[in-house]
file run16.json (JSON, C-alpha atoms)
[["chain", "number", "residue", "atom", "x", "y", "z"],
["N", 202, "MET", "CA", -7.20, -23.77, 14.69],
["N", 203, "MET", "CA", -10.07, -24.00, 12.20],
["N", 204, "VAL", "CA", -9.93, -26.78, 9.66],
["N", 205, "SER", "CA", -12.05, -26.17, 6.56],
["N", 206, "PRO", "CA", -14.27, -28.95, 5.22],
["N", 207, "LEU", "CA", -12.03, -29.26, 2.13],
["N", 208, "MET", "CA", -8.88, -29.57, 4.26],
["N", 209, "ARG", "CA", -10.63, -32.22, 6.35],
["N", 210, "ARG", "CA", -11.60, -34.14, 3.23],
["N", 211, "LEU", "CA", -8.08, -33.86, 1.82],
["N", 212, "ALA", "CA", -6.53, -35.01, 5.09],
["N", 213, "ASP", "CA", -8.90, -37.98, 5.28],
["N", 214, "ALA", "CA", -8.04, -38.87, 1.70],
["N", 215, "ILE", "CA", -4.30, -38.72, 2.49],
["N", 216, "ASP", "CA", -4.44, -40.77, 5.68],
["N", 217, "ARG", "CA", -7.63, -41.18, 7.64],
["N", 218, "SER", "CA", -5.66, -42.51, 10.63],
["N", 219, "ALA", "CA", -3.47, -39.40, 10.93],
["N", 220, "PRO", "CA", -5.07, -36.50, 12.83],
["N", 221, "ILE", "CA", -4.33, -32.94, 11.77],
["N", 222, "ALA", "CA", -2.04, -31.64, 14.52],
["N", 223, "PRO", "CA", -2.44, -27.92, 15.19],
["N", 224, "GLY", "CA", 0.97, -26.29, 15.45],
["N", 225, "SER", "CA", 2.34, -23.23, 17.16],
["N", 226, "GLY", "CA", 5.26, -21.76, 15.28],
["N", 227, "VAL", "CA", 8.68, -23.27, 15.68],
["N", 228, "ASP", "CA", 7.48, -26.20, 17.83],
["N", 229, "ALA", "CA", 5.46, -27.53, 14.91],
["N", 230, "ILE", "CA", 8.53, -27.39, 12.71],
["N", 231, "ALA", "CA", 10.71, -29.09, 15.34],
["N", 232, "ALA", "CA", 8.23, -31.97, 15.48],
["N", 233, "ASP", "CA", 9.51, -33.06, 12.06],
["N", 234, "ASP", "CA", 12.90, -33.72, 13.68],
["N", 235, "ARG", "CA", 11.18, -36.01, 16.17],
["N", 236, "LEU", "CA", 9.32, -37.75, 13.36],
["N", 237, "LEU", "CA", 12.59, -38.29, 11.52],
["N", 238, "ALA", "CA", 14.16, -39.73, 14.66],
["N", 239, "THR", "CA", 11.42, -42.36, 14.86],
["N", 240, "ALA", "CA", 11.47, -43.29, 11.17],
["N", 241, "THR", "CA", 11.11, -46.96, 10.30],
["N", 242, "THR", "CA", 11.04, -48.88, 7.06],
["N", 243, "ALA", "CA", 7.27, -48.28, 6.98],
["N", 244, "PRO", "CA", 6.52, -44.65, 6.11],
["N", 245, "LEU", "CA", 5.25, -42.46, 8.98],
["N", 246, "VAL", "CA", 2.81, -39.71, 8.02],
["N", 247, "ARG", "CA", 2.25, -36.51, 9.96],
["N", 248, "LEU", "CA", -0.47, -34.02, 9.00],
["N", 249, "TRP", "CA", -0.24, -30.62, 10.59],
["N", 250, "THR", "CA", -1.10, -26.96, 10.37],
["N", 251, "ASN", "CA", 0.72, -23.98, 11.78],
["N", 252, "GLN", "CA", 0.15, -20.41, 12.88],
["N", 253, "GLN", "CA", 0.89, -17.68, 10.37],
["N", 254, "CYS", "CA", 4.65, -17.45, 9.84],
["N", 255, "LEU", "CA", 7.39, -17.65, 7.25],
["N", 256, "VAL", "CA", 9.68, -20.66, 7.33],
["N", 257, "THR", "CA", 13.07, -20.22, 5.78],
["N", 258, "THR", "CA", 16.28, -22.18, 5.41],
["N", 259, "ARG", "CA", 19.49, -22.33, 7.39],
["N", 260, "ARG", "CA", 21.23, -20.82, 4.36],
["N", 261, "LEU", "CA", 19.16, -17.63, 4.55],
["N", 262, "ALA", "CA", 19.34, -17.64, 8.35],
["N", 263, "ARG", "CA", 23.13, -17.26, 8.00],
["N", 264, "HIS", "CA", 22.69, -14.08, 5.96],
["N", 265, "PRO", "CA", 24.18, -11.04, 7.77],
["N", 266, "ASP", "CA", 20.87, -9.16, 7.43],
["N", 267, "PHE", "CA", 18.73, -12.05, 8.66],
["N", 268, "ALA", "CA", 17.87, -10.57, 12.07],
["N", 269, "ALA", "CA", 16.82, -7.23, 10.57],
["N", 270, "ALA", "CA", 14.80, -8.88, 7.80],
["N", 271, "ALA", "CA", 13.09, -11.22, 10.27],
["N", 272, "ASP", "CA", 12.24, -8.24, 12.45],
["N", 273, "ILE", "CA", 10.64, -6.42, 9.51],
["N", 274, "SER", "CA", 8.65, -9.53, 8.64],
["N", 275, "GLU", "CA", 7.49, -10.10, 12.22],
["N", 276, "LYS", "CA", 6.34, -6.49, 12.50],
["N", 277, "GLY", "CA", 4.26, -7.16, 9.38],
["N", 278, "GLY", "CA", 2.60, -10.11, 11.08],
["N", 279, "TRP", "CA", 4.86, -12.83, 9.72],
["N", 280, "PRO", "CA", 7.39, -14.12, 12.28],
["N", 281, "VAL", "CA", 10.21, -16.07, 10.67],
["N", 282, "HIS", "CA", 11.29, -19.57, 11.70],
["N", 283, "VAL", "CA", 14.10, -21.75, 10.35],
["N", 284, "ARG", "CA", 13.81, -25.32, 9.10],
["N", 285, "ALA", "CA", 16.36, -27.97, 8.21],
["N", 286, "SER", "CA", 14.93, -29.01, 4.86],
["N", 287, "GLY", "CA", 15.94, -27.53, 1.52],
["N", 288, "GLY", "CA", 14.45, -24.94, -0.80],
["N", 289, "THR", "CA", 13.79, -21.32, 0.05],
["N", 290, "THR", "CA", 11.24, -19.39, 2.12],
["N", 291, "VAL", "CA", 7.67, -20.71, 2.37],
["N", 292, "VAL", "CA", 4.49, -19.75, 4.17],
["N", 293, "HIS", "CA", 2.75, -21.58, 6.99],
["N", 294, "ARG", "CA", -0.69, -20.38, 8.10],
["N", 295, "PRO", "CA", -4.21, -21.59, 8.66],
["N", 296, "GLY", "CA", -5.46, -22.79, 5.28],
["N", 297, "ILE", "CA", -2.20, -24.60, 4.57],
["N", 298, "LEU", "CA", -1.91, -28.31, 5.26],
["N", 299, "ASN", "CA", 1.58, -29.66, 5.91],
["N", 300, "VAL", "CA", 2.30, -33.30, 5.20],
["N", 301, "SER", "CA", 5.52, -34.87, 6.47],
["N", 302, "LEU", "CA", 6.59, -38.37, 5.52],
["N", 303, "ALA", "CA", 9.51, -40.06, 7.27],
["N", 304, "MET", "CA", 11.02, -43.39, 6.30],
["N", 305, "HIS", "CA", 14.23, -45.36, 6.19],
["N", 306, "ALA", "CA", 15.77, -45.41, 2.73],
["N", 307, "PRO", "CA", 16.00, -48.92, 1.31],
["N", 308, "PRO", "CA", 19.58, -50.25, 1.51],
["N", 309, "GLY", "CA", 21.70, -48.70, -1.23],
["N", 310, "ALA", "CA", 19.01, -46.20, -2.28],
["N", 311, "THR", "CA", 20.48, -42.77, -2.87],
["N", 312, "ASP", "CA", 18.27, -41.28, -5.58],
["N", 313, "ILE", "CA", 16.37, -38.47, -3.88],
["N", 314, "LYS", "CA", 13.37, -38.90, -6.14],
["N", 315, "HIS", "CA", 12.62, -42.06, -4.18],
["N", 316, "ALA", "CA", 12.16, -39.87, -1.10],
["N", 317, "TYR", "CA", 9.77, -37.51, -2.89],
["N", 318, "GLN", "CA", 7.75, -39.99, -4.92],
["N", 319, "PRO", "CA", 5.86, -41.66, -2.03],
["N", 320, "LEU", "CA", 4.84, -38.24, -0.69],
["N", 321, "VAL", "CA", 3.79, -36.95, -4.11],
["N", 322, "ALA", "CA", 1.88, -40.17, -4.83],
["N", 323, "LEU", "CA", 0.02, -39.85, -1.52],
["N", 324, "ILE", "CA", -1.15, -36.32, -2.35],
["N", 325, "VAL", "CA", -1.97, -37.05, -6.00],
["N", 326, "ARG", "CA", -4.08, -40.03, -4.95],
["N", 327, "ALA", "CA", -5.90, -37.90, -2.36],
["N", 328, "CYS", "CA", -6.56, -35.13, -4.91],
["N", 329, "ARG", "CA", -7.96, -37.65, -7.37],
["N", 330, "ARG", "CA", -10.41, -38.76, -4.71],
["N", 331, "LEU", "CA", -11.57, -35.13, -4.65],
["N", 332, "GLY", "CA", -11.96, -35.12, -8.44],
["N", 333, "LEU", "CA", -8.73, -33.21, -9.16],
["N", 334, "ASP", "CA", -5.83, -34.39, -11.31],
["N", 335, "PRO", "CA", -2.57, -32.65, -10.37],
["N", 336, "THR", "CA", 0.72, -32.98, -12.21],
["N", 337, "THR", "CA", 4.29, -32.93, -10.87],
["N", 338, "GLY", "CA", 6.97, -30.54, -12.04],
["N", 339, "ALA", "CA", 8.77, -27.24, -11.70],
["N", 340, "CYS", "CA", 6.63, -24.12, -11.95],
["N", 341, "ARG", "CA", 8.60, -21.16, -13.27],
["N", 342, "GLY", "CA", 7.92, -17.98, -11.29],
["N", 343, "SER", "CA", 6.70, -19.74, -8.16],
["N", 344, "TYR", "CA", 8.32, -19.31, -4.77],
["N", 345, "CYS", "CA", 10.38, -22.24, -3.48],
["N", 346, "ASP", "CA", 10.21, -23.83, -6.92],
["N", 347, "GLY", "CA", 11.26, -27.43, -7.44],
["N", 348, "ALA", "CA", 10.86, -30.50, -9.60],
["N", 349, "PHE", "CA", 8.42, -32.11, -7.16],
["N", 350, "ASN", "CA", 5.80, -29.35, -6.99],
["N", 351, "LEU", "CA", 2.20, -30.30, -7.58],
["N", 352, "GLY", "CA", 0.08, -28.09, -9.82],
["N", 353, "ILE", "CA", -3.13, -28.05, -11.78],
["N", 354, "ASP", "CA", -3.33, -26.46, -15.24],
["N", 355, "GLY", "CA", -0.01, -24.67, -14.71],
["N", 356, "ARG", "CA", -0.79, -23.38, -11.25],
["N", 357, "LYS", "CA", 1.16, -24.60, -8.22],
["N", 358, "PHE", "CA", -0.64, -25.49, -5.00],
["N", 359, "THR", "CA", 1.96, -27.73, -3.34],
["N", 360, "GLY", "CA", 5.69, -27.33, -2.78],
["N", 361, "THR", "CA", 7.98, -30.00, -1.38],
["N", 362, "ALA", "CA", 11.39, -30.26, 0.28],
["N", 363, "ALA", "CA", 13.35, -32.99, 2.04],
["N", 364, "ILE", "CA", 15.99, -33.77, 4.65],
["N", 365, "VAL", "CA", 18.38, -36.70, 4.44],
["N", 366, "ARG", "CA", 20.22, -37.92, 7.53],
["N", 367, "ARG", "CA", 22.21, -40.90, 8.67],
["N", 368, "ALA", "CA", 20.62, -42.97, 11.41],
["N", 369, "GLY", "CA", 21.23, -46.41, 12.81],
["N", 370, "GLY", "CA", 23.77, -47.34, 10.17],
["N", 371, "GLY", "CA", 21.42, -46.36, 7.35],
["N", 372, "ILE", "CA", 19.84, -43.33, 5.77],
["N", 373, "VAL", "CA", 16.52, -41.76, 6.75],
["N", 374, "TRP", "CA", 14.44, -39.46, 4.58],
["N", 375, "LEU", "CA", 11.92, -36.87, 5.60],
["N", 376, "SER", "CA", 9.95, -35.35, 2.76],
["N", 377, "HIS", "CA", 7.57, -32.50, 3.43],
["N", 378, "ALA", "CA", 4.76, -30.94, 1.43],
["N", 379, "VAL", "CA", 3.11, -27.57, 1.95],
["N", 380, "ILE", "CA", -0.39, -27.71, 0.45],
["N", 381, "THR", "CA", -2.19, -24.41, -0.04],
["N", 382, "VAL", "CA", -5.78, -25.46, 0.54],
["N", 383, "ASP", "CA", -7.33, -21.99, 0.77],
["N", 384, "GLY", "CA", -6.42, -18.37, 1.45],
["N", 385, "ASP", "CA", -4.64, -15.77, -0.67],
["N", 386, "PRO", "CA", -1.41, -16.83, -2.44],
["N", 387, "ALA", "CA", -0.82, -13.19, -3.48],
["N", 388, "ALA", "CA", -0.64, -12.20, 0.19],
["N", 389, "ASP", "CA", 1.72, -15.14, 0.82],
["N", 390, "ILE", "CA", 3.97, -13.96, -2.00],
["N", 391, "ALA", "CA", 3.93, -10.40, -0.67],
["N", 392, "ALA", "CA", 5.12, -11.61, 2.75],
["N", 393, "ILE", "CA", 7.90, -13.78, 1.30],
["N", 394, "THR", "CA", 9.00, -11.05, -1.10],
["N", 395, "ARG", "CA", 9.18, -8.42, 1.66],
["N", 396, "PHE", "CA", 11.35, -10.72, 3.80],
["N", 397, "GLU", "CA", 13.66, -11.90, 1.03],
["N", 398, "ARG", "CA", 14.11, -8.39, -0.40],
["N", 399, "ALA", "CA", 15.01, -7.20, 3.11],
["N", 400, "LEU", "CA", 17.83, -9.74, 2.84],
["N", 401, "GLY", "CA", 18.91, -8.00, -0.35],
["N", 402, "LEU", "CA", 17.73, -10.81, -2.61],
["N", 403, "ASP", "CA", 16.48, -9.83, -6.06],
["N", 404, "VAL", "CA", 13.37, -12.02, -6.02],
["N", 405, "SER", "CA", 10.22, -11.77, -8.09],
["N", 406, "TYR", "CA", 7.43, -14.31, -7.80],
["N", 407, "ASP", "CA", 4.35, -14.57, -10.00],
["N", 408, "ALA", "CA", 1.02, -14.93, -8.20],
["N", 409, "ARG", "CA", -0.55, -16.17, -11.45],
["N", 410, "VAL", "CA", 1.35, -19.46, -11.19],
["N", 411, "HIS", "CA", 0.06, -20.12, -7.68],
["N", 412, "THR", "CA", -3.38, -21.33, -6.74],
["N", 413, "THR", "CA", -5.29, -22.95, -3.90],
["N", 414, "LEU", "CA", -6.90, -26.33, -3.79],
["N", 415, "GLN", "CA", -10.19, -24.59, -3.01],
["N", 416, "ARG", "CA", -10.02, -22.55, -6.24],
["N", 417, "GLU", "CA", -9.17, -25.59, -8.31],
["N", 418, "TYR", "CA", -11.90, -27.59, -6.65],
["N", 419, "ALA", "CA", -14.40, -24.81, -7.46],
["N", 420, "ARG", "CA", -13.16, -24.68, -11.08],
["N", 421, "SER", "CA", -13.45, -28.43, -11.39],
["N", 422, "SER", "CA", -16.94, -28.41, -9.90],
["N", 423, "ALA", "CA", -17.97, -25.60, -12.26],
["N", 424, "ARG", "CA", -16.61, -27.49, -15.25],
["N", 425, "GLN", "CA", -18.49, -30.58, -14.21],
["N", 426, "ALA", "CA", -21.62, -28.47, -13.90],
["N", 427, "GLY", "CA", -21.11, -27.27, -17.47],
["N", 428, "SER", "CA", -19.90, -23.77, -16.65],
["N", 429, "ALA", "CA", -17.12, -22.13, -18.63],
["N", 430, "ALA", "CA", -13.69, -22.87, -17.24],
["N", 431, "THR", "CA", -11.39, -20.06, -16.16],
["N", 432, "PRO", "CA", -8.46, -19.61, -18.61],
["N", 433, "ALA", "CA", -5.16, -21.08, -17.47],
["N", 434, "ALA", "CA", -2.41, -18.78, -16.21],
["N", 435, "ALA", "CA", -0.02, -17.22, -18.71],
["N", 436, "ALA", "CA", 2.99, -18.83, -17.04],
["N", 437, "SER", "CA", 3.08, -22.57, -16.64],
["N", 438, "CYS", "CA", 4.45, -25.46, -14.63],
["N", 439, "ASN", "CA", 6.63, -28.19, -16.15],
["H", 98, "MET", "CA", 44.42, -32.02, 10.74],
["H", 99, "THR", "CA", 41.26, -33.93, 9.83],
["H", 100, "ASP", "CA", 39.66, -33.65, 6.41],
["H", 101, "VAL", "CA", 35.94, -32.96, 6.11],
["H", 102, "PRO", "CA", 34.94, -34.87, 2.98],
["H", 103, "ILE", "CA", 31.73, -34.56, 1.02],
["H", 104, "PRO", "CA", 29.81, -37.82, 1.63],
["H", 105, "ALA", "CA", 29.98, -40.36, -1.17],
["H", 106, "ASP", "CA", 26.92, -42.45, -0.36],
["H", 107, "LEU", "CA", 24.00, -40.11, 0.35],
["H", 108, "TRP", "CA", 22.94, -39.04, -3.15],
["H", 109, "SER", "CA", 23.43, -40.18, -6.71],
["H", 110, "ALA", "CA", 26.80, -39.26, -8.16],
["H", 111, "ASP", "CA", 25.18, -37.64, -11.21],
["H", 112, "ASP", "CA", 23.09, -35.23, -9.08],
["H", 113, "VAL", "CA", 24.30, -31.65, -8.82],
["H", 114, "ALA", "CA", 25.17, -30.91, -5.19],
["H", 115, "ALA", "CA", 26.23, -27.61, -3.68],
["H", 116, "ILE", "CA", 27.18, -26.39, -0.23],
["H", 117, "SER", "CA", 24.19, -24.19, 0.58],
["H", 118, "ALA", "CA", 25.60, -22.89, 3.86],
["H", 119, "TRP", "CA", 28.42, -23.28, 6.29],
["H", 120, "LEU", "CA", 26.85, -23.09, 9.74],
["H", 121, "TYR", "CA", 30.16, -21.98, 11.28],
["H", 122, "ASP", "CA", 32.66, -19.39, 10.13],
["H", 123, "ASP", "CA", 36.20, -20.10, 9.06],
["H", 124, "GLY", "CA", 38.32, -20.39, 12.22],
["H", 125, "ASP", "CA", 35.39, -21.21, 14.52],
["H", 126, "SER", "CA", 35.78, -23.98, 17.08],
["H", 127, "VAL", "CA", 33.55, -26.96, 16.32],
["H", 128, "GLN", "CA", 32.70, -30.09, 18.26],
["H", 129, "ALA", "CA", 32.86, -33.58, 16.76],
["H", 130, "GLY", "CA", 29.35, -34.57, 15.70],
["H", 131, "ALA", "CA", 28.11, -31.03, 15.16],
["H", 132, "VAL", "CA", 26.32, -30.14, 11.93],
["H", 133, "ILE", "CA", 28.79, -27.75, 10.33],
["H", 134, "ALA", "CA", 27.40, -27.32, 6.83],
["H", 135, "GLU", "CA", 24.41, -28.05, 4.70],
["H", 136, "ILE", "CA", 24.56, -29.53, 1.22],
["H", 137, "MET", "CA", 21.63, -29.16, -1.17],
["H", 138, "VAL", "CA", 20.50, -31.56, -3.86],
["H", 139, "GLU", "CA", 17.12, -30.87, -5.52],
["H", 140, "LYS", "CA", 15.67, -29.03, -2.49],
["H", 141, "SER", "CA", 16.91, -31.81, -0.22],
["H", 142, "SER", "CA", 19.31, -30.93, 2.55],
["H", 143, "TYR", "CA", 22.16, -33.16, 3.65],
["H", 144, "GLU", "CA", 24.11, -32.35, 6.77],
["H", 145, "LEU", "CA", 27.88, -32.29, 6.90],
["H", 146, "ILE", "CA", 28.98, -33.52, 10.31],
["H", 147, "ALA", "CA", 32.24, -32.49, 12.00],
["H", 148, "PRO", "CA", 34.44, -35.60, 12.17],
["H", 149, "ALA", "CA", 36.62, -34.10, 14.92],
["H", 150, "THR", "CA", 36.79, -31.31, 17.48],
["H", 151, "GLY", "CA", 38.91, -28.29, 16.66],
["H", 152, "LYS", "CA", 39.13, -25.17, 14.53],
["H", 153, "LEU", "CA", 37.28, -25.25, 11.22],
["H", 154, "GLN", "CA", 39.12, -24.36, 8.04],
["H", 155, "ILE", "CA", 36.70, -23.87, 5.13],
["H", 156, "VAL", "CA", 38.15, -25.09, 1.83],
["H", 157, "VAL", "CA", 35.07, -24.94, -0.42],
["H", 158, "PRO", "CA", 32.97, -21.79, -0.03],
["H", 159, "ALA", "CA", 29.20, -21.70, 0.34],
["H", 160, "GLU", "CA", 27.21, -21.87, -2.90],
["H", 161, "ALA", "CA", 29.98, -23.85, -4.63],
["H", 162, "VAL", "CA", 29.16, -27.07, -6.44],
["H", 163, "VAL", "CA", 30.82, -30.09, -4.84],
["H", 164, "THR", "CA", 31.58, -33.66, -5.83],
["H", 165, "GLN", "CA", 31.40, -36.75, -3.70],
["H", 166, "GLY", "CA", 34.61, -37.36, -1.77],
["H", 167, "GLN", "CA", 35.88, -33.82, -2.28],
["H", 168, "VAL", "CA", 37.48, -32.21, 0.78],
["H", 169, "ALA", "CA", 35.17, -29.35, 1.77],
["H", 170, "GLY", "CA", 37.06, -28.31, 4.87],
["H", 171, "ARG", "CA", 39.56, -29.30, 7.50],
["H", 172, "ILE", "CA", 39.56, -29.36, 11.27],
["H", 173, "GLU", "CA", 42.80, -28.73, 13.13]]
call {"tool": "encode", "arguments": {"input": "run16.json", "output": "structure tokens"}}
result
Amino acid sequence: MMVSPLMRRLADAIDRSAPIAPGSGVDAIAADDRLLATATTAPLVRLWTNQQCLVTTRRLARHPDFAAAADISEKGGWPVHVRASGGTTVVHRPGILNVSLAMHAPPGATDIKHAYQPLVALIVRACRRLGLDPTTGACRGSYCDGAFNLGIDGRKFTGTAAIVRRAGGGIVWLSHAVITVDGDPAADIAAITRFERALGLDVSYDARVHTTLQREYARSSARQAGSAATPAAAASCN
Amino acid sequence: MTDVPIPADLWSADDVAAISAWLYDDGDSVQAGAVIAEIMVEKSSYELIAPATGKLQIVVPAEAVVTQGQVAGRIE
């Protein structure tokens, strides 16, 4: 699987010691379970990509129309896999970097923000090394929206979700980020919308509140070169 | 009859938690240790584990908000 120069730079900025593992559908998703099973008090980072697919939740997989909706999606080039973490349907494909972080929760820690914050901090720090300054927060109109999205100027490029399990008498956390490095978020939204509407869900996502790291990097570079910046999207994060 | 309680020590008591999905239907046979439901808190999933083997009786339906310690189901 091709890794763009920007994805390589981002991955190196996140964790130079972690290779980008190319994934093949559901096996790549299942590897997060193995990562969680080996969690220690020191955070374990996994960087990975996946083939083009949709990844949805166990909640939607229990929907009576799931098989038919998944069939429609697969015929459109987007096979559907199921994950254990929360949220709603997301996209995996070349051009998207997945970051998984597994760790034991400190004794007595139950606040889920402590599972997300190390992951978010890792990505924010890496983006700053690339000259970008993302913010954290919900992004109204985005797919799989949540309080621990990362966005730039009101446009989301990273979504996050987590799994919490008991293990070895304690609690283990796996937080996961889907970073859209390049590609077409509008096409991603079209695939998710087709699948979720086939489930009978009344969904409507706004492509204007999504972006790619590549676009934001180009905007930032243009600004630094003195070019006019592109206006921010009408909708906004936070 | 064994109660299936909502865990009291996995998330903060002031977080809003909901059963996002039962992974078995009411009346299904379940094995002790199986993941029988998923609880969602801020896009984080928590697994509800069957404490016994038997037939599942769902007390709290999917999508409902739950509180820590609440009985979500029973196994008989």
call {"tool": "interface_residues", "arguments": {"input": "run16.json", "of": "chain N", "to": "chain H", "cutoff": "12 Å", "atoms": "all atoms listed in the file", "output": "ChimeraX atom specification"}}
result
/N:258-264,284-290,306-317,339,345-350,360-368,371-378
call {"tool": "closest_residue", "arguments": {"input": "run16.json", "among": "H:Ala169, H:Met98, H:Val163, H:Pro104", "to": "H:Thr150", "atoms": "all atoms listed in the file"}}
result
H:Met98
call {"tool": "residues_near_point", "arguments": {"input": "run16.json", "point": "(37.2, -32.9, 9.3)", "cutoff": "8 Å", "atoms": "only C-alpha atoms", "output": "list in words"}}
result
Met98, Thr99, Asp100, Val101, Pro102, Ala147, Pro148, Ala149, Leu153, Gly170, Arg171, Ile172 and Glu173 of chain H
call {"tool": "atom_distance", "arguments": {"input": "run16.json", "atom1": "atom CA of N:Arg326", "atom2": "atom CA of N:Gly384"}}
result
22.7 Å
call {"tool": "residues_around", "arguments": {"input": "run16.json", "residues": "N:Glu275", "least_positions_apart": "4", "cutoff": "12 Å", "atoms": "only C-alpha atoms", "output": "list in words"}}
result
Gln253, Cys254, Leu255, Val256, Phe267, Ala268, Ala269, Ala270, Ala271, Trp279, Pro280, Val281, His282, Ala392, Ile393, Arg395 and Phe396 of chain N
call {"tool": "residues_near_point", "arguments": {"input": "run16.json", "point": "(-7.5, -32.2, 8.3)", "cutoff": "8 Å", "atoms": "only C-alpha atoms", "output": "tab-separated table (two decimals) with C-alpha atoms, in the frame of the given file"}}
result
chain	number	residue	atom	x	y	z
N	204	VAL	CA	-9.93	-26.78	9.66
N	205	SER	CA	-12.05	-26.17	6.56
N	208	MET	CA	-8.88	-29.57	4.26
N	209	ARG	CA	-10.63	-32.22	6.35
N	210	ARG	CA	-11.60	-34.14	3.23
N	211	LEU	CA	-8.08	-33.86	1.82
N	212	ALA	CA	-6.53	-35.01	5.09
N	213	ASP	CA	-8.90	-37.98	5.28
N	220	PRO	CA	-5.07	-36.50	12.83
N	221	ILE	CA	-4.33	-32.94	11.77
N	248	LEU	CA	-0.47	-34.02	9.00
N	249	TRP	CA	-0.24	-30.62	10.59
N	298	LEU	CA	-1.91	-28.31	5.26
call {"tool": "atom_distance", "arguments": {"input": "run16.json", "atom1": "atom CA of N:Ala391", "atom2": "atom CA of N:Ser343"}}
result
12.3 Å
call {"tool": "axis_aligned_box", "arguments": {"input": "run16.json", "around": "stretch 120-139 of chain H", "padding_each_side": "8 Å", "output": "lines of an AutoDock Vina configuration file"}}
result
center_x = 27.7
center_y = -27.0
center_z = 6.4
size_x = 37.2
size_y = 31.2
size_z = 39.8
call {"tool": "atom_distance", "arguments": {"input": "run16.json", "atom1": "atom CA of N:Val227", "atom2": "atom CA of N:Pro295"}}
result
14.8 Å
call {"tool": "build_atoms", "arguments": {"input": "run16.json", "residues": "stretch 292-304 of chain N", "atoms": "N, CA, C and O atoms", "output": "PDB file, in the frame of the given file"}}
result
ATOM      1  N   VAL N 292       5.491 -20.267   3.241  1.00  0.00           N
ATOM      2  CA  VAL N 292       4.490 -19.750   4.170  1.00  0.00           C
ATOM      3  C   VAL N 292       3.851 -20.901   4.926  1.00  0.00           C
ATOM      4  O   VAL N 292       3.561 -21.940   4.341  1.00  0.00           O
ATOM      5  N   HIS N 293       3.649 -20.725   6.216  1.00  0.00           N
ATOM      6  CA  HIS N 293       2.750 -21.580   6.990  1.00  0.00           C
ATOM      7  C   HIS N 293       1.653 -20.662   7.515  1.00  0.00           C
ATOM      8  O   HIS N 293       1.922 -19.526   7.906  1.00  0.00           O
ATOM      9  N   ARG N 294       0.441 -21.144   7.559  1.00  0.00           N
ATOM     10  CA  ARG N 294      -0.690 -20.380   8.100  1.00  0.00           C
ATOM     11  C   ARG N 294      -1.905 -21.274   8.114  1.00  0.00           C
ATOM     12  O   ARG N 294      -1.914 -22.335   7.462  1.00  0.00           O
ATOM     13  N   PRO N 295      -2.959 -20.859   8.812  1.00  0.00           N
ATOM     14  CA  PRO N 295      -4.210 -21.590   8.660  1.00  0.00           C
ATOM     15  C   PRO N 295      -4.607 -21.589   7.188  1.00  0.00           C
ATOM     16  O   PRO N 295      -4.387 -20.605   6.483  1.00  0.00           O
ATOM     17  N   GLY N 296      -5.138 -22.677   6.708  1.00  0.00           N
ATOM     18  CA  GLY N 296      -5.460 -22.790   5.280  1.00  0.00           C
ATOM     19  C   GLY N 296      -4.382 -23.530   4.512  1.00  0.00           C
ATOM     20  O   GLY N 296      -4.558 -23.824   3.334  1.00  0.00           O
ATOM     21  N   ILE N 297      -3.272 -23.807   5.188  1.00  0.00           N
ATOM     22  CA  ILE N 297      -2.200 -24.600   4.570  1.00  0.00           C
ATOM     23  C   ILE N 297      -2.052 -25.889   5.357  1.00  0.00           C
ATOM     24  O   ILE N 297      -1.924 -25.863   6.586  1.00  0.00           O
ATOM     25  N   LEU N 298      -2.103 -27.000   4.639  1.00  0.00           N
ATOM     26  CA  LEU N 298      -1.910 -28.310   5.260  1.00  0.00           C
ATOM     27  C   LEU N 298      -0.487 -28.782   4.977  1.00  0.00           C
ATOM     28  O   LEU N 298      -0.066 -28.839   3.825  1.00  0.00           O
ATOM     29  N   ASN N 299       0.235 -29.101   6.044  1.00  0.00           N
ATOM     30  CA  ASN N 299       1.580 -29.660   5.910  1.00  0.00           C
ATOM     31  C   ASN N 299       1.495 -31.178   6.018  1.00  0.00           C
ATOM     32  O   ASN N 299       0.785 -31.703   6.878  1.00  0.00           O
ATOM     33  N   VAL N 300       2.230 -31.841   5.149  1.00  0.00           N
ATOM     34  CA  VAL N 300       2.300 -33.300   5.200  1.00  0.00           C
ATOM     35  C   VAL N 300       3.773 -33.686   5.283  1.00  0.00           C
ATOM     36  O   VAL N 300       4.566 -33.308   4.405  1.00  0.00           O
ATOM     37  N   SER N 301       4.138 -34.394   6.325  1.00  0.00           N
ATOM     38  CA  SER N 301       5.520 -34.870   6.470  1.00  0.00           C
ATOM     39  C   SER N 301       5.514 -36.395   6.404  1.00  0.00           C
ATOM     40  O   SER N 301       4.642 -37.039   6.986  1.00  0.00           O
ATOM     41  N   LEU N 302       6.495 -36.914   5.703  1.00  0.00           N
ATOM     42  CA  LEU N 302       6.590 -38.370   5.520  1.00  0.00           C
ATOM     43  C   LEU N 302       8.028 -38.781   5.852  1.00  0.00           C
ATOM     44  O   LEU N 302       8.972 -38.314   5.212  1.00  0.00           O
ATOM     45  N   ALA N 303       8.172 -39.620   6.863  1.00  0.00           N
ATOM     46  CA  ALA N 303       9.510 -40.060   7.270  1.00  0.00           C
ATOM     47  C   ALA N 303       9.648 -41.553   7.023  1.00  0.00           C
ATOM     48  O   ALA N 303       8.711 -42.317   7.285  1.00  0.00           O
ATOM     49  N   MET N 304      10.789 -41.960   6.536  1.00  0.00           N
ATOM     50  CA  MET N 304      11.020 -43.390   6.300  1.00  0.00           C
ATOM     51  C   MET N 304      12.517 -43.675   6.167  1.00  0.00           C
ATOM     52  O   MET N 304      13.304 -42.787   5.835  1.00  0.00           O
TER      53      MET N 304
END
